[in-house]
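Novice: One structure, pasted below without further comment.
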Amino acid sequence: MEMIRFKLFFFSTLCLLHAFAANATDIHYCDKKAVYDVEVKGVEISPDPIARGQPATFSIAATTGQALSGGKLVIDVSYFGWHIHSETHDLCGETSCPVSVGDFVIAHSQFLPGFTPPGSYSLKMKMYDGNKHELSCITFGFEIGLGSSLADS
């Protein structure tokens, strides 16, 4: 039974990583010369573009060479280059902890109000371990479409 669970988990992980490769968002490291302890493989945004007044999910495929028992994610959002929002999340609230050496996925869902302006946004995410050591820092862009509006909410 344990072997079947392992095979299902392994197959699911491979399918998820394949989905990231097929529908991935371009990411950039904050410091191109840095060697981060957590390497981000890809970001998937669903739906893409994001619809106003609807939930959006950001899934980040990553890999680590060290086990992580906790930490935090610091997220900053900019709209056409202007900083508009910051939030901090417990790493273990966004993925299963402890994080083992190897591949893992961070998944965050966010409801965007109907009055959110459509357009181009950028997100910066810094990941820290429990000792406040920066493990990774990435940026990527995303779009919020005209899909829904305040009247639809």
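FYI, nothing fancy with the structure tokens labels: chains A, B, ... in order, residues from 1 per chain, ligands from 1 as they appear.
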Excluding Ile50 of chain A and its own-chain neighbours fewer than 4 positions away, which residues fall within 7 Å of it when counting only C-alpha atoms? Please give them as a list in words.
Specialist: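 So, after excluding close chain neighbours, the residues are Ser46, Ala56, Glu143, Ile144 and Gly145 of chain A.
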Novice: Using only C-alpha atoms, which of the listed residues (A:Asp103, A:Asp76, A:Asp48, A:Asp37) sits closest to Asp129 of chain A?
Specialist: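 Answer, going by the shortest atom-to-atom distance: A:Asp37.
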Novice: What's the separation between atom CA of Lys32 of chain A and atom CA of Ser78 of chain A, in Å to one decimal place?
Specialist: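 Between atom CA of Lys32 of chain A and atom CA of Ser78 of chain A the gap works out to 20.2 Å.
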Novice: Residues of segment 74-97 of chain A that have any atom at most 7 Å from an atom of segment 114-128 of chain A: could you tabulate them with the shortest-distance atom pair and the distance in Å to one decimal, using only C-alpha atoms, ordered by chain and increasing number, as CSV?
Specialist:
```
residue,atom,partner,partner_atom,distance
A:Val74,CA,A:Lys126,CA,5.2
A:Ile75,CA,A:Met125,CA,4.6
A:Asp76,CA,A:Lys124,CA,5.2
A:Val77,CA,A:Leu123,CA,4.6
A:Ser78,CA,A:Ser122,CA,5.2
A:Tyr79,CA,A:Tyr121,CA,4.6
A:Phe80,CA,A:Ser120,CA,6.1
```
Novice: I'd like the contact shell of Ser59 of chain A - 8 Å cut-off, only C-alpha atoms, skipping same-chain residues fewer than 4 positions apart - returned as number ranges by chain.
Specialist: A: 43-45, 105-108
Novice: Can you list, as a PyMOL selection string, every protein, DNA or RNA residue that comes within 7 Å of Val99 of chain A when you count only C-alpha atoms, leaving out same-chain residues fewer than 6 positions away?
Specialist: chain A and resi 67-69
Novice: Restricting the calculation to only C-alpha atoms: of A:Tyr29, A:Gly70, A:Tyr36, A:Phe58, which residue gets closest to Ser96 of chain A?
Specialist: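 So, comparing all the options, the nearest one is A:Gly70.
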Novice: Can you tell me how far atom CA of Arg52 of chain A sits from atom CA of Phe111 of chain A, in Å to one decimal?
Specialist: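 That distance, rounded to one decimal, is 8.4 Å.
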Novice: Would you pick out the contacts of Lys72 of chain A at 10 Å or less, using only C-alpha atoms, so that residues sharing its chain but fewer than 4 positions from it are not included, and give the list as a list in words?
Specialist: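 Listed by chain and then number, they are Thr88, His89, Asp90, Leu91, Cys92, Gly93, Glu94, Lys126, Met127, Tyr128, Asp129, Gly130, Asn131, Lys132, Glu134 and Leu135 of chain A.
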Novice: Just N, CA, C and O atoms for this one: save the residues we selected as a compact mmCIF listing (two decimals), in the first residue's frame.
Specialist:
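Output contents, as saved in result20.txt:
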```txt
# COMPACT_ATOMS: atom_id res chain seq x y z
N THR A 88 2.85 39.12 3.99
CA THR A 88 3.77 38.09 4.47
C THR A 88 2.96 36.85 4.82
O THR A 88 1.89 36.96 5.42
N HIS A 89 3.48 35.67 4.42
CA HIS A 89 2.80 34.41 4.69
C HIS A 89 3.76 33.43 5.33
O HIS A 89 4.96 33.42 5.03
N ASP A 90 3.23 32.58 6.18
CA ASP A 90 3.98 31.48 6.76
C ASP A 90 4.22 30.46 5.65
O ASP A 90 3.29 30.05 4.95
N LEU A 91 5.48 30.07 5.46
CA LEU A 91 5.81 29.09 4.42
C LEU A 91 4.98 27.81 4.57
O LEU A 91 4.49 27.26 3.59
N CYS A 92 4.80 27.36 5.81
CA CYS A 92 4.07 26.12 6.05
C CYS A 92 2.57 26.25 5.78
O CYS A 92 1.87 25.25 5.68
N GLY A 93 2.08 27.46 5.63
CA GLY A 93 0.69 27.67 5.24
C GLY A 93 0.51 27.60 3.73
O GLY A 93 -0.61 27.49 3.24
N GLU A 94 1.62 27.64 2.98
CA GLU A 94 1.57 27.65 1.52
C GLU A 94 2.10 26.35 0.90
O GLU A 94 1.98 26.13 -0.29
N LYS A 126 10.10 36.96 -1.88
CA LYS A 126 11.31 36.56 -1.16
C LYS A 126 10.92 35.45 -0.20
O LYS A 126 9.89 35.52 0.46
N MET A 127 11.76 34.42 -0.15
CA MET A 127 11.54 33.30 0.75
C MET A 127 12.66 33.28 1.78
O MET A 127 13.83 33.39 1.43
N TYR A 128 12.26 33.16 3.04
CA TYR A 128 13.21 33.12 4.15
C TYR A 128 13.02 31.84 4.95
O TYR A 128 11.89 31.35 5.07
N ASP A 129 14.11 31.33 5.54
CA ASP A 129 13.97 30.19 6.44
C ASP A 129 13.61 30.71 7.83
O ASP A 129 13.41 31.92 8.03
N GLY A 130 13.51 29.81 8.80
CA GLY A 130 13.14 30.19 10.16
C GLY A 130 14.15 31.09 10.85
O GLY A 130 13.83 31.75 11.84
N ASN A 131 15.38 31.18 10.33
CA ASN A 131 16.42 32.04 10.89
C ASN A 131 16.56 33.36 10.13
O ASN A 131 17.56 34.05 10.26
N LYS A 132 15.57 33.67 9.29
CA LYS A 132 15.52 34.91 8.50
C LYS A 132 16.61 34.99 7.44
O LYS A 132 16.97 36.06 6.98
N GLU A 134 17.69 34.58 3.69
CA GLU A 134 17.00 34.61 2.41
C GLU A 134 17.35 33.36 1.60
O GLU A 134 18.51 33.12 1.30
N LEU A 135 16.33 32.59 1.24
CA LEU A 135 16.51 31.35 0.48
C LEU A 135 16.35 31.56 -1.02
O LEU A 135 16.94 30.84 -1.81
```
